[in-house]
$ cat data05.txt   # compact mmCIF, C-alpha atoms and all ligand atoms
# COMPACT_ATOMS: atom_id res chain seq x y z
CA MET A 27 24.88 48.67 -31.09
CA ALA A 28 27.79 46.87 -32.71
CA LEU A 29 28.17 44.20 -30.02
CA LYS A 30 25.29 41.96 -28.93
CA ILE A 31 25.66 39.48 -26.05
CA TYR A 32 23.06 36.70 -26.01
CA GLY A 33 22.08 34.99 -22.80
CA VAL A 34 20.61 35.76 -19.41
CA ALA A 35 23.12 36.67 -16.70
CA GLN A 36 22.04 33.68 -14.56
CA SER A 37 23.65 31.41 -17.17
CA ARG A 38 27.20 30.99 -18.49
CA ALA A 39 26.55 34.29 -20.28
CA TYR A 40 27.60 35.89 -16.97
CA ARG A 41 31.17 35.22 -18.08
CA ALA A 42 30.83 37.27 -21.27
CA LEU A 43 28.85 40.03 -19.54
CA TRP A 44 31.57 40.33 -16.88
CA MET A 45 34.22 40.57 -19.60
CA ALA A 46 32.29 43.21 -21.55
CA GLU A 47 31.91 45.21 -18.33
CA GLU A 48 35.67 44.93 -17.68
CA CYS A 49 36.39 46.13 -21.21
CA GLY A 50 33.94 49.03 -20.89
CA VAL A 51 32.66 48.28 -24.39
CA PRO A 52 29.03 49.25 -25.10
CA TYR A 53 26.85 46.23 -25.80
CA GLU A 54 23.26 45.20 -26.25
CA HIS A 55 22.20 42.47 -23.82
CA VAL A 56 19.82 40.06 -25.59
CA LYS A 57 18.28 38.25 -22.63
CA ILE A 58 17.69 34.84 -24.15
CA SER A 59 17.03 32.22 -21.49
CA THR A 60 17.34 28.45 -21.69
CA GLN A 61 13.62 28.11 -20.99
CA GLY A 62 10.72 27.86 -23.41
CA GLY A 63 12.70 26.99 -26.54
CA ALA A 64 14.32 30.43 -26.90
CA THR A 65 17.69 28.87 -27.72
CA ARG A 66 16.18 26.72 -30.48
CA THR A 67 14.51 29.37 -32.64
CA PRO A 68 15.82 29.71 -36.21
CA GLU A 69 16.92 33.28 -35.35
CA PHE A 70 19.04 32.15 -32.40
CA LEU A 71 20.37 29.04 -34.16
CA ALA A 72 21.70 31.40 -36.84
CA VAL A 73 23.81 32.98 -34.09
CA ASN A 74 24.83 29.74 -32.36
CA PRO A 75 23.94 26.53 -34.21
CA ASN A 76 24.54 24.60 -30.96
CA GLY A 77 21.60 26.38 -29.36
CA HIS A 78 23.60 27.38 -26.28
CA ILE A 79 24.24 30.64 -24.48
CA PRO A 80 26.38 32.69 -24.37
CA ALA A 81 26.91 33.77 -27.94
CA ILE A 82 27.88 37.13 -29.38
CA ASP A 83 27.36 39.02 -32.59
CA ASP A 84 30.05 41.64 -32.99
CA ASN A 85 29.13 43.74 -35.97
CA GLY A 86 28.01 40.65 -37.89
CA ARG A 87 30.81 38.36 -36.63
CA LYS A 88 29.19 35.61 -34.61
CA LEU A 89 31.03 33.68 -31.93
CA TRP A 90 30.11 31.05 -29.34
CA GLU A 91 31.83 29.15 -26.49
CA SER A 92 32.24 31.33 -23.42
CA MET A 93 36.03 31.03 -23.10
CA ALA A 94 36.60 31.83 -26.80
CA ILE A 95 34.19 34.77 -26.56
CA ASN A 96 36.14 36.19 -23.63
CA LEU A 97 39.55 35.70 -25.23
CA TYR A 98 38.19 37.50 -28.33
CA LEU A 99 36.62 40.37 -26.33
CA ALA A 100 39.81 40.82 -24.31
CA LYS A 101 41.93 40.99 -27.42
CA LYS A 102 39.57 43.29 -29.31
CA TYR A 103 38.41 45.62 -26.54
CA GLY A 104 40.28 44.73 -23.34
CA LYS A 105 43.71 46.36 -23.69
CA ASP A 106 45.74 45.02 -20.71
CA LEU A 107 43.15 42.31 -20.02
CA ALA A 108 44.44 40.61 -23.16
CA PRO A 109 47.69 38.67 -23.42
CA ARG A 110 50.56 41.00 -24.40
CA THR A 111 52.86 38.34 -25.84
CA VAL A 112 52.63 34.91 -27.47
CA GLU A 113 53.83 33.45 -24.17
CA GLU A 114 51.02 35.17 -22.24
CA GLU A 115 48.55 34.03 -24.89
CA GLY A 116 49.67 30.43 -24.39
CA GLN A 117 49.14 30.77 -20.65
CA ALA A 118 45.70 32.42 -21.06
CA LEU A 119 44.64 29.57 -23.36
CA GLN A 120 46.08 27.03 -20.92
CA TRP A 121 44.07 28.37 -17.98
CA SER A 122 40.88 28.70 -20.05
CA PHE A 123 41.09 25.10 -21.29
CA TRP A 124 42.12 23.95 -17.83
CA VAL A 125 39.16 25.39 -15.99
CA MET A 126 36.73 24.02 -18.59
CA THR A 127 38.21 20.52 -18.61
CA GLU A 128 39.45 20.07 -15.02
CA CYS A 129 36.95 22.06 -12.96
CA GLU A 130 33.70 23.01 -14.69
CA LYS A 131 31.86 19.69 -14.61
CA HIS A 132 32.69 19.04 -10.94
CA ILE A 133 31.65 22.46 -9.75
CA LEU A 134 28.48 22.32 -11.85
CA GLN A 135 27.57 18.94 -10.35
CA ALA A 136 27.96 20.37 -6.87
CA LEU A 137 25.92 23.43 -7.83
CA PHE A 138 23.10 21.28 -9.20
CA HIS A 139 22.99 19.07 -6.12
CA ARG A 140 23.26 21.95 -3.65
CA ALA A 141 21.11 24.62 -5.26
CA MET A 142 19.45 23.86 -8.57
CA LEU A 143 17.73 20.50 -8.51
CA PRO A 144 14.45 20.08 -6.66
CA PRO A 145 15.31 19.21 -3.03
CA ASP A 146 14.18 15.56 -3.38
CA LYS A 147 16.59 15.03 -6.31
CA ARG A 148 19.67 16.43 -4.53
CA ASP A 149 22.36 14.01 -3.42
CA GLU A 150 25.11 15.02 -0.98
CA LYS A 151 27.16 11.99 -2.10
CA VAL A 152 27.47 13.59 -5.55
CA VAL A 153 28.53 16.86 -3.90
CA ALA A 154 31.16 15.05 -1.83
CA ALA A 155 32.57 13.33 -4.94
CA SER A 156 32.68 16.65 -6.82
CA VAL A 157 34.44 18.41 -3.94
CA GLU A 158 36.97 15.57 -3.80
CA ALA A 159 37.56 15.77 -7.57
CA LEU A 160 38.20 19.51 -7.30
CA LYS A 161 40.93 19.12 -4.69
CA ALA A 162 43.81 18.35 -7.09
CA PRO A 163 43.04 21.13 -9.63
CA MET A 164 42.45 23.62 -6.80
CA GLN A 165 45.92 22.78 -5.44
CA VAL A 166 47.34 23.46 -8.92
CA LEU A 167 45.64 26.86 -8.85
CA GLU A 168 46.88 27.55 -5.32
CA ASP A 169 50.49 26.81 -6.29
CA ALA A 170 50.25 28.92 -9.46
CA LEU A 171 48.90 31.90 -7.52
CA LYS A 172 51.74 31.59 -5.00
CA LYS A 173 54.27 31.78 -7.84
CA GLY A 174 52.35 34.33 -9.90
CA ASN A 175 52.08 37.20 -7.45
CA GLY A 176 48.34 36.72 -7.00
CA HIS A 177 47.50 36.58 -10.71
CA LEU A 178 47.57 33.82 -13.28
CA VAL A 179 49.29 35.58 -16.19
CA GLY A 180 51.62 38.56 -16.48
CA GLY A 181 51.38 39.70 -12.85
CA ARG A 182 48.14 41.57 -13.54
CA PHE A 183 44.40 40.80 -13.79
CA THR A 184 43.73 39.35 -17.26
CA VAL A 185 41.22 37.30 -19.19
CA ALA A 186 42.88 34.22 -17.66
CA ASP A 187 41.85 35.28 -14.15
CA LEU A 188 38.38 36.22 -15.36
CA ASN A 189 37.76 32.95 -17.22
CA VAL A 190 38.90 30.82 -14.29
CA ALA A 191 37.19 32.92 -11.61
CA SER A 192 33.89 33.13 -13.50
CA ILE A 193 33.60 29.34 -13.42
CA LEU A 194 34.89 28.90 -9.87
CA SER A 195 32.43 31.58 -8.71
CA TRP A 196 29.80 28.80 -8.70
CA ALA A 197 31.53 27.56 -5.55
CA ARG A 198 29.67 30.20 -3.55
CA PRO A 199 26.08 29.16 -4.39
CA ALA A 200 27.28 25.53 -4.24
CA ARG A 201 28.65 26.26 -0.73
CA ILE A 202 32.04 24.69 -1.48
CA ASP A 203 34.69 25.50 1.10
CA PHE A 204 38.06 26.55 -0.33
CA SER A 205 39.71 27.35 3.01
CA HIS A 206 42.30 24.58 2.40
CA VAL A 207 43.58 26.66 -0.54
CA PRO A 208 43.77 30.17 1.03
CA LYS A 209 45.55 31.92 -1.86
CA ALA A 210 42.93 30.67 -4.30
CA ALA A 211 40.08 31.58 -1.92
CA ASP A 212 41.45 35.10 -1.47
CA TRP A 213 42.08 35.54 -5.22
CA LEU A 214 38.53 34.36 -6.00
CA LYS A 215 37.12 36.86 -3.53
CA ARG A 216 39.17 39.70 -5.03
CA CYS A 217 38.04 38.78 -8.54
CA ALA A 218 34.38 38.67 -7.45
CA GLU A 219 34.68 42.08 -5.79
CA ARG A 220 35.83 43.82 -8.98
CA PRO A 221 33.34 46.51 -10.03
CA ALA A 222 32.77 44.85 -13.42
CA ALA A 223 31.94 41.53 -11.76
CA ARG A 224 29.47 43.32 -9.51
CA GLU A 225 27.88 45.00 -12.57
CA ALA A 226 27.46 41.64 -14.28
CA ARG A 227 26.00 40.09 -11.10
CA ALA A 228 23.53 42.97 -10.85
CA LEU A 229 22.13 41.77 -14.18
CA GLN A 230 21.19 38.50 -12.46
CA ARG A 231 18.61 40.23 -10.30
N1 LIG A 301 30.67 25.14 -23.44
C1 LIG A 301 29.62 26.10 -23.63
C2 LIG A 301 28.41 25.65 -22.84
C3 LIG A 301 27.21 26.55 -23.11
C4 LIG A 301 25.96 26.01 -22.41
O1 LIG A 301 25.76 24.78 -22.27
N2 LIG A 301 25.09 26.92 -21.98
C5 LIG A 301 23.85 26.53 -21.34
C6 LIG A 301 23.40 27.63 -20.38
S1 LIG A 301 24.49 27.87 -19.03
C7 LIG A 301 22.76 26.43 -22.38
O2 LIG A 301 22.71 27.19 -23.32
N3 LIG A 301 21.82 25.51 -22.17
C8 LIG A 301 20.61 25.50 -22.96
C9 LIG A 301 20.55 24.50 -24.01
O3 LIG A 301 21.53 23.77 -24.21
O4 LIG A 301 19.52 24.47 -24.62
C10 LIG A 301 30.12 27.48 -23.20
O5 LIG A 301 30.94 27.54 -22.26
O6 LIG A 301 29.72 28.49 -23.79
$ encode --input "data05.txt" --output "structure tokens"
Amino acid sequence: MALKIYGVAQSRAYRALWMAEECGVPYEHVKISTQGGATRTPEFLAVNPNGHIPAIDDNGRKLWESMAINLYLAKKYGKDLAPRTVEEEGQALQWSFWVMTECEKHILQALFHRAMLPPDKRDEKVVAASVEALKAPMQVLEDALKKGNGHLVGGRFTVADLNVASILSWARPARIDFSHVPKAADWLKRCAERPAAREARALQR
């Protein structure tokens, strides 16, 4: 198959798998996990020299960094999921950088301390600090969704929604309450209920 997606669906590779499912592009799922040195083999380091998942190989063109992968897949295979204009492209890049820099580390901290660390290593004080740090960016998202007719870019579901929602979807296993930002909570639910998101989640089981 021309497109290979590296990384188990329980990892950040979920983002790329969701995007490929949205695009309806055939792909081979190479289920590399972060365990047992699989991301440090010479074969995998030739795909992503950072040794991280996700990574893709699209007919010999290798790409890493989940947000960049999704922007590329949207543009190459995603039709209306991709930005239609330079202005939309600027906004899609804005939201992709925003969620990585303003939200990802806080939500990941909460996820680790609510669900991933051994119970004796979990600390609710870290969760509380992460939830507090997320309040301002979540209000930014709330206000943007109010103005943007329930979508982030172009009044339709695009790679911008997918990139942001795929990271914020960790709020559910981290048991973070977004009821103070109802538009964002509703938008996140609608994104997660998309058939392609369900398909990608099914790969986690
Ligand atoms: N900024 C990167 C982060 C990738 C990343 O850290 N992935 C984790 C899995 S979720 C990983 O590969 N960890 C294993 C390792 O670093 O060996 C992206 O968004 O693609």
$ residues_near_ligand --input "data05.txt" --ligand "ligand LIG 301 (chain A)" --cutoff "8 Å" --atoms "only C-alpha atoms and all ligand atoms" --output "JSON, numbers by chain"
{"A": [33, 36, 37, 38, 39, 59, 60, 61, 63, 65, 66, 76, 77, 78, 79, 80, 81, 90, 91, 92, 93, 126]}
$ closest_atom_pairs --input "data05.txt" --of "stretch 116-182 of chain A" --to "stretch 197-209 of chain A" --cutoff "10 Å" --atoms "only C-alpha atoms" --output "CSV"
residue,atom,partner,partner_atom,distance
A:Ile133,CA,A:Ala197,CA,6.6
A:Leu134,CA,A:Ala200,CA,8.3
A:Gln135,CA,A:Ala200,CA,9.0
A:Ala136,CA,A:Ala200,CA,5.8
A:Leu137,CA,A:Ala200,CA,4.4
A:Phe138,CA,A:Ala200,CA,7.8
A:His139,CA,A:Ala200,CA,8.0
A:Arg140,CA,A:Ala200,CA,5.4
A:Ala141,CA,A:Ala200,CA,6.3
A:Met142,CA,A:Ala200,CA,9.1
A:Val153,CA,A:Ala200,CA,8.8
A:Ala154,CA,A:Ile202,CA,9.7
A:Ser156,CA,A:Ile202,CA,9.7
A:Val157,CA,A:Ile202,CA,7.2
A:Leu160,CA,A:Phe204,CA,9.9
A:Lys161,CA,A:Val207,CA,9.0
A:Met164,CA,A:Val207,CA,7.1
A:Gln165,CA,A:Val207,CA,6.7
A:Val166,CA,A:Val207,CA,9.7
A:Leu167,CA,A:Val207,CA,8.6
A:Glu168,CA,A:Lys209,CA,5.7
A:Asp169,CA,A:Lys209,CA,8.4
A:Ala170,CA,A:Lys209,CA,9.4
A:Leu171,CA,A:Lys209,CA,6.6
A:Lys172,CA,A:Lys209,CA,6.9
A:Gly176,CA,A:Lys209,CA,7.6
$ closest_residue --input "data05.txt" --among "A:Arg148, A:Lys101, A:Arg41, A:Lys30" --to "A:Asp187" --atoms "only C-alpha atoms"
A:Arg41
$ closest_residue --input "data05.txt" --among "A:Asp106, A:Asp149, A:Glu47, A:Leu29" --to "A:Lys88" --atoms "all atoms listed in the file"
A:Leu29
$ atom_distance --input "data05.txt" --atom1 "atom CA of A:Lys173" --atom2 "atom CA of A:Gln120"
16.1 Å
$ atom_distance --input "data05.txt" --atom1 "atom CA of A:Ile193" --atom2 "atom CA of A:Glu115"
19.4 Å
$ atom_distance --input "data05.txt" --atom1 "atom CA of A:Arg216" --atom2 "atom CA of A:Ala159"
24.1 Å
$ residues_around --input "data05.txt" --residues "stretch 48-58 of chain A" --least-positions-apart "2" --cutoff "6 Å" --atoms "all atoms listed in the file" --output "compact mmCIF listing (two decimals) with C-alpha atoms, keeping the file's coordinate frame"
# COMPACT_ATOMS: atom_id res chain seq x y z
CA LEU A 29 28.17 44.20 -30.02
CA LYS A 30 25.29 41.96 -28.93
CA ILE A 31 25.66 39.48 -26.05
CA TYR A 32 23.06 36.70 -26.01
CA GLY A 33 22.08 34.99 -22.80
CA VAL A 34 20.61 35.76 -19.41
CA MET A 45 34.22 40.57 -19.60
CA ALA A 46 32.29 43.21 -21.55
CA TYR A 103 38.41 45.62 -26.54
CA GLY A 104 40.28 44.73 -23.34
CA ALA A 222 32.77 44.85 -13.42
$ residues_near_point --input "data05.txt" --point "(38.9, 34.6, -19.5)" --cutoff "8 Å" --atoms "all atoms listed in the file" --output "ChimeraX atom specification"
/A:41,45,93,96-97,100,118,122,184-190,192
$ closest_residue --input "data05.txt" --among "A:Pro221, A:Pro163, A:Pro109, A:Pro145" --to "A:Val125" --atoms "only C-alpha atoms"
A:Pro163
